[in-house]
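Everything below belongs to coords27.cif, which stores mmCIF, C-alpha atoms.
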```
data_query
loop_
_atom_site.group_PDB
_atom_site.id
_atom_site.type_symbol
_atom_site.label_atom_id
_atom_site.label_comp_id
_atom_site.auth_asym_id
_atom_site.auth_seq_id
_atom_site.Cartn_x
_atom_site.Cartn_y
_atom_site.Cartn_z
ATOM 1 C CA ASN A 1 110.268 7.495 94.710
ATOM 2 C CA ARG A 2 111.955 5.837 91.732
ATOM 3 C CA THR A 3 115.585 6.469 90.905
ATOM 4 C CA VAL A 4 116.271 6.711 87.189
ATOM 5 C CA ARG A 5 119.772 5.959 86.001
ATOM 6 C CA ILE A 6 121.165 6.023 82.506
ATOM 7 C CA THR A 7 122.439 2.707 81.170
ATOM 8 C CA ALA A 8 125.871 2.130 79.675
ATOM 9 C CA ALA A 9 124.258 1.953 76.241
ATOM 10 C CA GLY A 10 122.493 5.232 76.904
ATOM 11 C CA GLU A 11 125.734 6.899 77.962
ATOM 12 C CA GLN A 12 127.413 5.678 74.775
ATOM 13 C CA PHE A 13 124.510 6.982 72.687
ATOM 14 C CA LEU A 14 124.656 10.417 74.323
ATOM 15 C CA HIS A 15 128.399 10.524 73.774
ATOM 16 C CA ARG A 16 127.919 9.801 70.065
ATOM 17 C CA VAL A 17 125.128 12.332 69.470
ATOM 18 C CA ALA A 18 126.524 15.133 71.650
ATOM 19 C CA PRO A 19 128.580 16.714 68.809
ATOM 20 C CA ALA A 20 125.546 16.649 66.497
ATOM 21 C CA LEU A 21 123.355 18.242 69.167
ATOM 22 C CA GLY A 22 125.991 20.901 69.657
ATOM 23 C CA GLU A 23 126.012 21.648 65.931
ATOM 24 C CA LEU A 24 122.224 21.875 65.869
ATOM 25 C CA THR A 25 122.281 24.305 68.786
ATOM 26 C CA GLU A 26 124.910 26.441 67.086
ATOM 27 C CA ALA A 27 122.966 26.393 63.807
ATOM 28 C CA TYR A 28 119.832 27.536 65.638
ATOM 29 C CA GLU A 29 121.762 30.354 67.296
ATOM 30 C CA GLN A 30 123.198 31.484 63.975
ATOM 31 C CA ILE A 31 119.666 31.714 62.604
ATOM 32 C CA ASN A 32 118.623 33.526 65.778
ATOM 33 C CA THR A 33 121.220 36.225 65.165
ATOM 34 C CA LEU A 34 119.626 36.982 61.797
ATOM 35 C CA ARG A 35 116.254 37.800 63.343
ATOM 36 C CA ASP A 36 115.329 41.397 64.023
ATOM 37 C CA LYS A 37 114.743 40.410 67.633
ATOM 38 C CA PRO A 38 116.273 37.248 69.098
ATOM 39 C CA ARG A 39 114.089 34.794 70.954
ATOM 40 C CA GLY A 40 114.693 32.028 73.438
ATOM 41 C CA THR A 41 115.694 31.694 77.082
ATOM 42 C CA LEU A 42 118.597 33.455 78.781
ATOM 43 C CA ARG A 43 119.698 31.918 82.104
ATOM 44 C CA LEU A 44 121.778 34.065 84.452
ATOM 45 C CA ASN A 45 123.311 33.172 87.807
ATOM 46 C CA VAL A 46 123.895 36.227 90.000
ATOM 47 C CA PRO A 47 124.576 37.065 93.643
ATOM 48 C CA ARG A 48 121.696 38.784 95.366
ATOM 49 C CA SER A 49 123.526 42.100 95.508
ATOM 50 C CA ALA A 50 123.997 42.032 91.722
ATOM 51 C CA ALA A 51 120.319 41.237 91.256
ATOM 52 C CA GLU A 52 119.544 44.469 93.092
ATOM 53 C CA LEU A 53 122.291 46.688 91.679
ATOM 54 C CA VAL A 54 122.657 45.373 88.112
ATOM 55 C CA ILE A 55 119.637 43.313 87.028
ATOM 56 C CA ARG A 56 116.890 45.388 88.605
ATOM 57 C CA PRO A 57 117.804 48.673 86.830
ATOM 58 C CA LEU A 58 118.071 46.837 83.469
ATOM 59 C CA LEU A 59 114.973 44.692 83.805
ATOM 60 C CA GLY A 60 112.334 46.967 82.315
ATOM 61 C CA ARG A 61 114.506 48.119 79.417
ATOM 62 C CA PHE A 62 115.656 44.622 78.477
ATOM 63 C CA MET A 63 112.211 43.022 78.620
ATOM 64 C CA SER A 64 110.735 45.894 76.634
ATOM 65 C CA GLU A 65 113.362 45.752 73.894
ATOM 66 C CA TYR A 66 113.358 41.945 73.672
ATOM 67 C CA PRO A 67 109.827 40.674 74.400
ATOM 68 C CA ASP A 68 110.556 37.272 72.803
ATOM 69 C CA ILE A 69 113.330 36.477 75.281
ATOM 70 C CA THR A 70 112.527 34.648 78.505
ATOM 71 C CA LEU A 71 114.957 35.904 81.141
ATOM 72 C CA GLU A 72 115.594 33.458 83.978
ATOM 73 C CA VAL A 73 117.576 34.936 86.867
ATOM 74 C CA VAL A 74 118.729 32.629 89.655
ATOM 75 C CA THR A 75 120.222 34.355 92.695
ATOM 76 C CA ASN A 76 122.879 32.535 94.666
ATOM 77 C CA ASP A 77 125.674 33.952 96.806
ATOM 78 C CA GLY A 78 127.668 30.737 96.535
ATOM 79 C CA LEU A 79 130.372 30.034 93.971
ATOM 80 C CA VAL A 80 128.370 28.245 91.297
ATOM 81 C CA ASP A 81 130.092 26.758 88.243
ATOM 82 C CA ILE A 82 128.294 28.754 85.562
ATOM 83 C CA VAL A 83 128.871 26.308 82.717
ATOM 84 C CA ALA A 84 128.357 23.072 84.657
ATOM 85 C CA ALA A 85 125.116 24.376 86.159
ATOM 86 C CA GLY A 86 123.699 25.144 82.717
ATOM 87 C CA PHE A 87 123.748 28.930 82.839
ATOM 88 C CA ASP A 88 124.489 31.129 79.843
ATOM 89 C CA ALA A 89 126.358 33.623 82.010
ATOM 90 C CA GLY A 90 126.850 34.793 85.564
ATOM 91 C CA ILE A 91 127.622 38.034 87.352
ATOM 92 C CA ARG A 92 130.636 38.202 89.655
ATOM 93 C CA ILE A 93 132.540 40.889 91.558
ATOM 94 C CA THR A 94 135.877 40.037 89.965
ATOM 95 C CA GLU A 95 137.213 39.631 86.449
ATOM 96 C CA ARG A 96 139.835 37.130 87.592
ATOM 97 C CA LEU A 97 138.255 33.898 86.408
ATOM 98 C CA GLU A 98 139.170 30.412 85.355
ATOM 99 C CA GLN A 99 140.658 29.879 81.931
ATOM 100 C CA ASP A 100 138.456 30.410 78.846
ATOM 101 C CA MET A 101 136.002 32.661 80.686
ATOM 102 C CA ILE A 102 135.353 36.205 79.472
ATOM 103 C CA ALA A 103 134.431 39.036 81.828
ATOM 104 C CA VAL A 104 132.502 42.098 80.622
ATOM 105 C CA PRO A 105 132.084 45.028 83.045
ATOM 106 C CA VAL A 106 128.437 45.785 83.838
ATOM 107 C CA GLY A 107 126.626 48.012 86.279
ATOM 108 C CA PRO A 108 127.890 51.016 88.216
ATOM 109 C CA GLN A 109 131.002 51.251 90.343
ATOM 110 C CA ARG A 110 130.605 49.825 93.820
ATOM 111 C CA ARG A 111 131.073 51.528 97.156
ATOM 112 C CA PHE A 112 130.152 50.418 100.640
ATOM 113 C CA ALA A 113 128.709 52.563 103.406
ATOM 114 C CA VAL A 114 128.959 52.038 107.166
ATOM 115 C CA VAL A 115 125.683 53.112 108.714
ATOM 116 C CA GLY A 116 123.743 53.091 111.960
ATOM 117 C CA ALA A 117 120.490 54.546 113.277
ATOM 118 C CA PRO A 118 120.439 57.840 115.223
ATOM 119 C CA SER A 119 119.089 55.871 118.197
ATOM 120 C CA TYR A 120 122.158 53.618 118.117
ATOM 121 C CA PHE A 121 124.573 56.553 118.251
ATOM 122 C CA ALA A 122 122.524 58.426 120.869
ATOM 123 C CA ASP A 123 124.676 57.062 123.706
ATOM 124 C CA ARG A 124 127.697 55.833 121.750
ATOM 125 C CA SER A 125 130.709 57.569 120.261
ATOM 126 C CA VAL A 126 131.002 57.809 116.481
ATOM 127 C CA PRO A 127 133.931 55.714 115.161
ATOM 128 C CA ARG A 128 136.661 57.728 113.434
ATOM 129 C CA HIS A 129 138.889 54.781 112.516
ATOM 130 C CA PRO A 130 137.877 51.252 111.409
ATOM 131 C CA GLY A 131 139.713 49.809 114.395
ATOM 132 C CA GLU A 132 137.177 51.472 116.682
ATOM 133 C CA LEU A 133 134.439 49.221 115.270
ATOM 134 C CA HIS A 134 135.648 46.531 117.671
ATOM 135 C CA ASN A 135 133.936 48.589 120.378
ATOM 136 C CA HIS A 136 130.618 48.630 118.549
ATOM 137 C CA ALA A 137 127.783 46.199 117.863
ATOM 138 C CA CYS A 138 128.332 45.342 114.207
ATOM 139 C CA ILE A 139 125.939 43.293 112.096
ATOM 140 C CA GLY A 140 127.670 40.401 110.336
ATOM 141 C CA ARG A 141 126.935 39.036 106.881
ATOM 142 C CA SER A 142 127.557 35.348 106.184
ATOM 143 C CA TYR A 143 128.003 33.541 102.877
ATOM 144 C CA PRO A 144 126.509 30.093 102.090
ATOM 145 C CA SER A 145 129.850 28.535 103.035
ATOM 146 C CA GLY A 146 129.508 29.996 106.524
ATOM 147 C CA VAL A 147 132.371 32.435 106.012
ATOM 148 C CA LEU A 148 131.682 35.943 107.261
ATOM 149 C CA ARG A 149 132.120 38.915 104.952
ATOM 150 C CA THR A 150 135.224 40.974 105.625
ATOM 151 C CA TRP A 151 134.701 44.699 106.013
ATOM 152 C CA THR A 152 137.402 46.344 103.881
ATOM 153 C CA PHE A 153 138.613 49.906 104.304
ATOM 154 C CA ALA A 154 141.270 52.066 102.682
ATOM 155 C CA LYS A 155 142.480 55.621 103.162
ATOM 156 C CA ASP A 156 145.581 57.153 101.647
ATOM 157 C CA ALA A 157 148.211 54.406 101.941
ATOM 158 C CA GLU A 158 146.525 52.559 104.799
ATOM 159 C CA THR A 159 144.206 49.571 104.389
ATOM 160 C CA TYR A 160 142.221 47.866 107.097
ATOM 161 C CA GLU A 161 140.216 44.628 107.109
ATOM 162 C CA LEU A 162 137.815 43.579 109.807
ATOM 163 C CA THR A 163 135.961 40.295 110.287
ATOM 164 C CA ILE A 164 132.732 41.022 112.123
ATOM 165 C CA ARG A 165 131.196 38.863 114.848
ATOM 166 C CA GLY A 166 128.447 40.956 116.380
ATOM 167 C CA PRO A 167 125.041 40.449 118.007
ATOM 168 C CA LEU A 168 123.353 39.730 114.655
ATOM 169 C CA ILE A 169 124.578 37.645 111.711
ATOM 170 C CA VAL A 170 122.456 37.405 108.563
ATOM 171 C CA ASP A 171 122.856 36.109 105.023
ATOM 172 C CA GLU A 172 120.787 38.817 103.362
ATOM 173 C CA HIS A 173 121.672 42.500 102.975
ATOM 174 C CA ILE A 174 118.036 43.542 103.453
ATOM 175 C CA LEU A 175 118.064 42.028 106.947
ATOM 176 C CA MET A 176 121.372 43.723 107.685
ATOM 177 C CA LEU A 177 119.853 47.033 106.617
ATOM 178 C CA GLN A 178 116.742 46.439 108.731
ATOM 179 C CA GLY A 179 118.913 45.660 111.738
ATOM 180 C CA ALA A 180 120.661 48.982 111.311
ATOM 181 C CA LEU A 181 117.346 50.844 110.948
ATOM 182 C CA ASP A 182 116.097 49.192 114.148
ATOM 183 C CA GLY A 183 119.163 50.321 116.083
ATOM 184 C CA VAL A 184 120.542 46.794 116.550
ATOM 185 C CA GLY A 185 124.000 47.824 115.370
ATOM 186 C CA ILE A 186 126.179 49.124 112.565
ATOM 187 C CA ALA A 187 125.823 47.736 109.036
ATOM 188 C CA TYR A 188 128.222 47.542 106.084
ATOM 189 C CA VAL A 189 126.096 47.697 102.950
ATOM 190 C CA TYR A 190 126.229 49.000 99.409
ATOM 191 C CA GLU A 191 126.030 52.783 99.306
ATOM 192 C CA SER A 192 123.249 52.840 96.713
ATOM 193 C CA LEU A 193 120.991 50.812 99.016
ATOM 194 C CA VAL A 194 121.019 53.408 101.798
ATOM 195 C CA GLU A 195 120.991 56.722 99.920
ATOM 196 C CA GLU A 196 117.310 57.359 100.630
ATOM 197 C CA TYR A 197 117.659 56.512 104.330
ATOM 198 C CA LEU A 198 120.636 58.852 104.653
ATOM 199 C CA ARG A 199 118.722 61.696 102.996
ATOM 200 C CA GLU A 200 115.736 61.320 105.305
ATOM 201 C CA GLY A 201 117.901 60.879 108.406
ATOM 202 C CA SER A 202 116.865 57.323 109.246
ATOM 203 C CA LEU A 203 120.517 56.313 109.116
ATOM 204 C CA ILE A 204 123.783 58.069 109.904
ATOM 205 C CA ARG A 205 126.893 57.355 107.858
ATOM 206 C CA VAL A 206 130.294 56.968 109.508
ATOM 207 C CA LEU A 207 133.816 56.287 108.197
ATOM 208 C CA GLU A 208 132.854 57.625 104.769
ATOM 209 C CA ASP A 209 136.439 58.684 104.044
ATOM 210 C CA TRP A 210 137.524 55.085 104.654
ATOM 211 C CA CYS A 211 135.196 53.579 102.020
ATOM 212 C CA PRO A 212 136.875 53.624 98.592
ATOM 213 C CA ILE A 213 135.182 53.349 95.212
ATOM 214 C CA MET A 214 135.635 49.889 93.704
ATOM 215 C CA PRO A 215 135.085 48.454 90.212
ATOM 216 C CA GLY A 216 131.574 47.347 89.340
ATOM 217 C CA PHE A 217 130.338 43.835 88.622
ATOM 218 C CA PHE A 218 131.364 41.635 85.699
ATOM 219 C CA LEU A 219 129.172 39.546 83.421
ATOM 220 C CA CYS A 220 131.053 36.274 82.864
ATOM 221 C CA TYR A 221 130.555 33.615 80.209
ATOM 222 C CA HIS A 222 132.493 30.854 78.465
ATOM 223 C CA GLY A 223 134.669 32.262 75.709
ATOM 224 C CA ARG A 224 134.981 29.129 73.592
ATOM 225 C CA ARG A 225 131.290 28.507 73.151
ATOM 226 C CA HIS A 226 129.040 30.137 70.596
ATOM 227 C CA ILE A 227 127.535 33.165 72.304
ATOM 228 C CA PRO A 228 123.719 32.914 72.229
ATOM 229 C CA ALA A 229 121.895 35.797 70.574
ATOM 230 C CA THR A 230 119.955 36.244 73.816
ATOM 231 C CA LEU A 231 123.199 36.820 75.726
ATOM 232 C CA ARG A 232 124.508 39.202 73.082
ATOM 233 C CA ALA A 233 121.308 41.211 73.436
ATOM 234 C CA PHE A 234 121.674 41.405 77.214
ATOM 235 C CA ILE A 235 125.322 42.467 76.965
ATOM 236 C CA GLU A 236 124.435 45.274 74.570
ATOM 237 C CA VAL A 237 121.681 46.569 76.855
ATOM 238 C CA ALA A 238 124.022 46.382 79.859
ATOM 239 C CA ARG A 239 126.813 48.174 77.979
ATOM 240 C CA THR A 240 124.474 50.931 76.829
ATOM 241 C CA ALA A 241 123.139 51.493 80.353
ATOM 242 C CA ARG A 242 126.635 51.534 81.792
ATOM 243 C CA HIS A 243 127.818 53.989 79.171
ATOM 244 C CA GLN A 244 124.920 56.304 79.961
ATOM 245 C CA ASN A 245 125.687 56.225 83.682
ATOM 246 C CA GLN A 246 129.432 56.713 83.385
ATOM 247 C CA ASP A 247 131.756 58.856 81.309
ATOM 248 C CA GLY A 248 133.161 55.802 79.548
ATOM 249 C CA LEU A 249 132.929 52.052 79.315
ATOM 250 C CA GLU A 250 135.815 49.928 80.540
ATOM 251 C CA GLY A 251 136.588 46.853 78.535
ATOM 252 C CA ASP A 252 134.891 45.684 75.386
ATOM 253 C CA PHE A 253 132.524 42.965 74.287
ATOM 254 C CA GLY A 254 134.363 39.945 72.974
ATOM 255 C CA THR A 255 137.732 40.715 74.563
ATOM 256 C CA SER A 256 140.168 37.946 75.320
ATOM 257 C CA PRO A 257 139.509 35.804 78.399
ATOM 258 C CA SER A 258 140.510 37.146 81.800
ATOM 259 C CA ARG A 259 142.786 34.694 83.554
ATOM 260 C CA ASP A 260 144.553 34.349 86.862
#
```
Starting from the coordinates I provided, produce the structure as structure tokens.
Amino acid sequence: NRTVRITAAGEQFLHRVAPALGELTEAYEQINTLRDKPRGTLRLNVPRSAAELVIRPLLGRFMSEYPDITLEVVTNDGLVDIVAAGFDAGIRITERLEQDMIAVPVGPQRRFAVVGAPSYFADRSVPRHPGELHNHACIGRSYPSGVLRTWTFAKDAETYELTIRGPLIVDEHILMLQGALDGVGIAYVYESLVEEYLREGSLIRVLEDWCPIMPGFFLCYHGRRHIPATLRAFIEVARTARHQNQDGLEGDFGTSPSRD
């Protein structure tokens, strides 16, 4: 394999032409906004849970309304630098971002559910307090960094956090769900992912009163760059869908950057 490296002269050339390339890109995007339907590629970086809960419900509507846009979705549960990695935007679970980033609320509110199969609870007591989970086989979820997800609970004025180290540790919520269905242990997954299983009785929910409703996801992008027409189109579709699913829409497109 050959390694290709840019020369000093090449680096100097790129440095000189970078502003011109930026102006050309901005000029193209300004023309793009004048079209009836924007065209081009929109690159999004999202965690796998957001791909399921945010992107999947919007996919058909967005692709139907904007057939000239190529949507590229890259799922990654790690903390990727959206701008440095060449993405137009990313989806995150918090609006507290680095300086100059804007966060737009998208998708429904989030809530977790603690579930297990009837076969698992056949000879075990049902936990009434999160602290009792220490006596149960709980399925852990790991992030790319190796850190395990913390199970967070709240009721009235009491909060409780639990780091799980059980018989099964996975890095994918589908495997966690399958482990629960197979009676391996108790899972902590998004409520919307288990609604059907709860209705049909394949899973039993516990500690429901300890699982609070949390804000939804946020679409994040750089606030000092020209916003591509493709991204504007996606934001509008996401805002419309969110408005239809909730009584109101928090936040507004083009608000000032969210900062720590």
With 7 Å as the cut-off and only C-alpha atoms counted, what is the closest atom pair between each nearby residue of segment 90-170 of chain A and segment 197-219 of chain A? Distances in Å to one decimal, ordered by chain and number, as JSON lines.
```
{"residue": "A:Gly90", "atom": "CA", "partner": "A:Leu219", "partner_atom": "CA", "distance": 5.7}
{"residue": "A:Ile91", "atom": "CA", "partner": "A:Leu219", "partner_atom": "CA", "distance": 4.5}
{"residue": "A:Arg92", "atom": "CA", "partner": "A:Phe218", "partner_atom": "CA", "distance": 5.3}
{"residue": "A:Ile93", "atom": "CA", "partner": "A:Phe217", "partner_atom": "CA", "distance": 4.7}
{"residue": "A:Thr94", "atom": "CA", "partner": "A:Phe218", "partner_atom": "CA", "distance": 6.4}
{"residue": "A:Glu95", "atom": "CA", "partner": "A:Phe218", "partner_atom": "CA", "distance": 6.2}
{"residue": "A:Ala103", "atom": "CA", "partner": "A:Leu219", "partner_atom": "CA", "distance": 5.5}
{"residue": "A:Val104", "atom": "CA", "partner": "A:Leu219", "partner_atom": "CA", "distance": 5.0}
{"residue": "A:Pro105", "atom": "CA", "partner": "A:Phe218", "partner_atom": "CA", "distance": 4.4}
{"residue": "A:Val106", "atom": "CA", "partner": "A:Phe218", "partner_atom": "CA", "distance": 5.4}
{"residue": "A:Gly107", "atom": "CA", "partner": "A:Gly216", "partner_atom": "CA", "distance": 5.9}
{"residue": "A:Pro108", "atom": "CA", "partner": "A:Gly216", "partner_atom": "CA", "distance": 5.3}
{"residue": "A:Gln109", "atom": "CA", "partner": "A:Gly216", "partner_atom": "CA", "distance": 4.1}
{"residue": "A:Arg110", "atom": "CA", "partner": "A:Met214", "partner_atom": "CA", "distance": 5.0}
{"residue": "A:Arg111", "atom": "CA", "partner": "A:Ile213", "partner_atom": "CA", "distance": 4.9}
{"residue": "A:Phe112", "atom": "CA", "partner": "A:Cys211", "partner_atom": "CA", "distance": 6.1}
{"residue": "A:Ala113", "atom": "CA", "partner": "A:Glu208", "partner_atom": "CA", "distance": 6.7}
{"residue": "A:Val114", "atom": "CA", "partner": "A:Val206", "partner_atom": "CA", "distance": 5.6}
{"residue": "A:Val115", "atom": "CA", "partner": "A:Arg205", "partner_atom": "CA", "distance": 4.5}
{"residue": "A:Gly116", "atom": "CA", "partner": "A:Leu203", "partner_atom": "CA", "distance": 5.4}
{"residue": "A:Ala117", "atom": "CA", "partner": "A:Leu203", "partner_atom": "CA", "distance": 4.5}
{"residue": "A:Pro118", "atom": "CA", "partner": "A:Ile204", "partner_atom": "CA", "distance": 6.3}
{"residue": "A:Pro127", "atom": "CA", "partner": "A:Val206", "partner_atom": "CA", "distance": 6.8}
{"residue": "A:Arg128", "atom": "CA", "partner": "A:Leu207", "partner_atom": "CA", "distance": 6.1}
{"residue": "A:His129", "atom": "CA", "partner": "A:Leu207", "partner_atom": "CA", "distance": 6.8}
{"residue": "A:Phe153", "atom": "CA", "partner": "A:Trp210", "partner_atom": "CA", "distance": 5.3}
{"residue": "A:Ala154", "atom": "CA", "partner": "A:Trp210", "partner_atom": "CA", "distance": 5.2}
{"residue": "A:Lys155", "atom": "CA", "partner": "A:Trp210", "partner_atom": "CA", "distance": 5.2}
```
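Nearest to Gly185 of chain A of all the residues A:His226, A:Arg124, A:Arg149, A:His243 is A:Arg124, counting all atoms listed in the file.
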Can you give me, as a JSON list (two decimals) with C-alpha atoms, in the coordinates of the input, the residues this file yields under the PyMOL selection byres ((chain A and resi 46) around 8)?
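Heads up, here's the output in result09.json:
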```
[["chain", "number", "residue", "atom", "x", "y", "z"],
["A", 44, "LEU", "CA", 121.78, 34.06, 84.45],
["A", 45, "ASN", "CA", 123.31, 33.17, 87.81],
["A", 47, "PRO", "CA", 124.58, 37.06, 93.64],
["A", 48, "ARG", "CA", 121.70, 38.78, 95.37],
["A", 50, "ALA", "CA", 124.00, 42.03, 91.72],
["A", 51, "ALA", "CA", 120.32, 41.24, 91.26],
["A", 73, "VAL", "CA", 117.58, 34.94, 86.87],
["A", 74, "VAL", "CA", 118.73, 32.63, 89.66],
["A", 75, "THR", "CA", 120.22, 34.35, 92.70],
["A", 76, "ASN", "CA", 122.88, 32.53, 94.67],
["A", 77, "ASP", "CA", 125.67, 33.95, 96.81],
["A", 90, "GLY", "CA", 126.85, 34.79, 85.56],
["A", 91, "ILE", "CA", 127.62, 38.03, 87.35],
["A", 92, "ARG", "CA", 130.64, 38.20, 89.66]]
```
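What separates atom CA of Cys220 of chain A from atom CA of Glu65 of chain A is a distance of 22.0 Å.
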To test the calculation: enclose all listed atoms of segment 115-120 of chain A in a box whose edges run along x, y and z, add 8 Å on each side, then state centre and edge lengths in Å to one decimal, as AutoDock Vina command-line options.
```
--center_x 122.4 --center_y 55.5 --center_z 113.5 --size_x 22.6 --size_y 20.7 --size_z 25.5
```
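Checking A:Val80, A:Leu162, A:Val237, A:Met176 one by one against Ile55 of chain A, counting all atoms listed in the file, you find the shortest gap at A:Val237.
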(request) Using all atoms listed in the file, find the one residue out of A:Ile69, A:Ala84, A:Gly183, A:Ile102 that sits nearest to Ala122 of chain A. (result) A:Gly183
(message) Report as a list in words all protein, DNA and RNA residues lying within 7 Å of Phe87 of chain A, evaluated on all atoms listed in the file, omitting residues in the same chain fewer than 2 positions from it.
(response) Arg43, Leu44, Asn45, Ile82, Val83, Ala85 and Ala89 of chain A
(request) Calculate how many Å separate atom CA of Trp151 of chain A from atom CA of Pro130 of chain A, rounding to one decimal. (result)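 Atom CA of Pro130 of chain A lies at a distance of 9.1 Å from atom CA of Trp151 of chain A.
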(message) Please expand the PyMOL selection byres ((chain A and resi 148) around 10) into the concrete residues it hits in this file, giving the result as a PyMOL selection string.
(response) chain A and resi 140-147+149-151+163-165+169-171
(message) Give me the residues near Arg61 of chain A as a list in words, where near means some atom within 12 Å (using all atoms listed in the file) and where sequence neighbours in that chain fewer than 3 positions away do not count.
(response)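 In the requested form, the answer reads Ile55, Arg56, Pro57, Leu58, Ser64, Glu65, Tyr66, Pro67, Ala233, Phe234, Glu236, Val237, Ala238, Thr240 and Ala241 of chain A.
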(request) Quote the spacing between atom CA of Ala187 of chain A and atom CA of Ile139 of chain A in Å to one decimal place. (result) 5.4 Å
(request) Counting only C-alpha atoms, figure out which residue out of A:His222, A:Asp81, A:Arg239, A:Ser49 gets nearest to Asp100 of chain A. (result)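 Using only C-alpha atoms, the shortest distance to Asp100 of chain A belongs to A:His222.
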Since the input lacks some atoms of segment 181-195 of chain A, please model N, CA and C atoms and print them as a PDB file, in the frame of the given file.
```
ATOM      1  N   LEU A 181     118.474  49.916 110.774  1.00  0.00           N
ATOM      2  CA  LEU A 181     117.346  50.844 110.948  1.00  0.00           C
ATOM      3  C   LEU A 181     116.703  50.687 112.318  1.00  0.00           C
ATOM      4  N   ASP A 182     116.704  49.457 112.840  1.00  0.00           N
ATOM      5  CA  ASP A 182     116.097  49.192 114.148  1.00  0.00           C
ATOM      6  C   ASP A 182     117.027  49.490 115.313  1.00  0.00           C
ATOM      7  N   GLY A 183     118.237  49.964 115.016  1.00  0.00           N
ATOM      8  CA  GLY A 183     119.163  50.321 116.083  1.00  0.00           C
ATOM      9  C   GLY A 183     119.890  49.143 116.695  1.00  0.00           C
ATOM     10  N   VAL A 184     119.858  47.986 116.017  1.00  0.00           N
ATOM     11  CA  VAL A 184     120.542  46.794 116.550  1.00  0.00           C
ATOM     12  C   VAL A 184     122.049  46.983 116.533  1.00  0.00           C
ATOM     13  N   GLY A 185     122.562  47.628 115.476  1.00  0.00           N
ATOM     14  CA  GLY A 185     124.000  47.824 115.370  1.00  0.00           C
ATOM     15  C   GLY A 185     124.366  48.547 114.096  1.00  0.00           C
ATOM     16  N   ILE A 186     125.636  48.464 113.744  1.00  0.00           N
ATOM     17  CA  ILE A 186     126.179  49.124 112.565  1.00  0.00           C
ATOM     18  C   ILE A 186     126.213  48.129 111.408  1.00  0.00           C
ATOM     19  N   ALA A 187     125.850  48.595 110.226  1.00  0.00           N
ATOM     20  CA  ALA A 187     125.823  47.736 109.036  1.00  0.00           C
ATOM     21  C   ALA A 187     126.821  48.228 107.999  1.00  0.00           C
ATOM     22  N   TYR A 188     127.289  47.279 107.179  1.00  0.00           N
ATOM     23  CA  TYR A 188     128.222  47.542 106.084  1.00  0.00           C
ATOM     24  C   TYR A 188     127.533  47.080 104.813  1.00  0.00           C
ATOM     25  N   VAL A 189     126.937  48.037 104.098  1.00  0.00           N
ATOM     26  CA  VAL A 189     126.096  47.697 102.950  1.00  0.00           C
ATOM     27  C   VAL A 189     126.479  48.562 101.753  1.00  0.00           C
ATOM     28  N   TYR A 190     125.953  48.193 100.594  1.00  0.00           N
ATOM     29  CA  TYR A 190     126.229  49.000  99.409  1.00  0.00           C
ATOM     30  C   TYR A 190     125.631  50.390  99.563  1.00  0.00           C
ATOM     31  N   GLU A 191     126.419  51.384  99.172  1.00  0.00           N
ATOM     32  CA  GLU A 191     126.030  52.783  99.306  1.00  0.00           C
ATOM     33  C   GLU A 191     124.685  53.083  98.644  1.00  0.00           C
ATOM     34  N   SER A 192     124.472  52.533  97.450  1.00  0.00           N
ATOM     35  CA  SER A 192     123.249  52.840  96.713  1.00  0.00           C
ATOM     36  C   SER A 192     121.995  52.326  97.405  1.00  0.00           C
ATOM     37  N   LEU A 193     122.148  51.373  98.316  1.00  0.00           N
ATOM     38  CA  LEU A 193     120.991  50.812  99.016  1.00  0.00           C
ATOM     39  C   LEU A 193     120.531  51.670 100.189  1.00  0.00           C
ATOM     40  N   VAL A 194     121.368  52.613 100.613  1.00  0.00           N
ATOM     41  CA  VAL A 194     121.019  53.408 101.798  1.00  0.00           C
ATOM     42  C   VAL A 194     120.902  54.900 101.508  1.00  0.00           C
ATOM     43  N   GLU A 195     121.016  55.296 100.247  1.00  0.00           N
ATOM     44  CA  GLU A 195     120.991  56.722  99.920  1.00  0.00           C
ATOM     45  C   GLU A 195     119.725  57.406 100.416  1.00  0.00           C
TER      46      GLU A 195
END
```
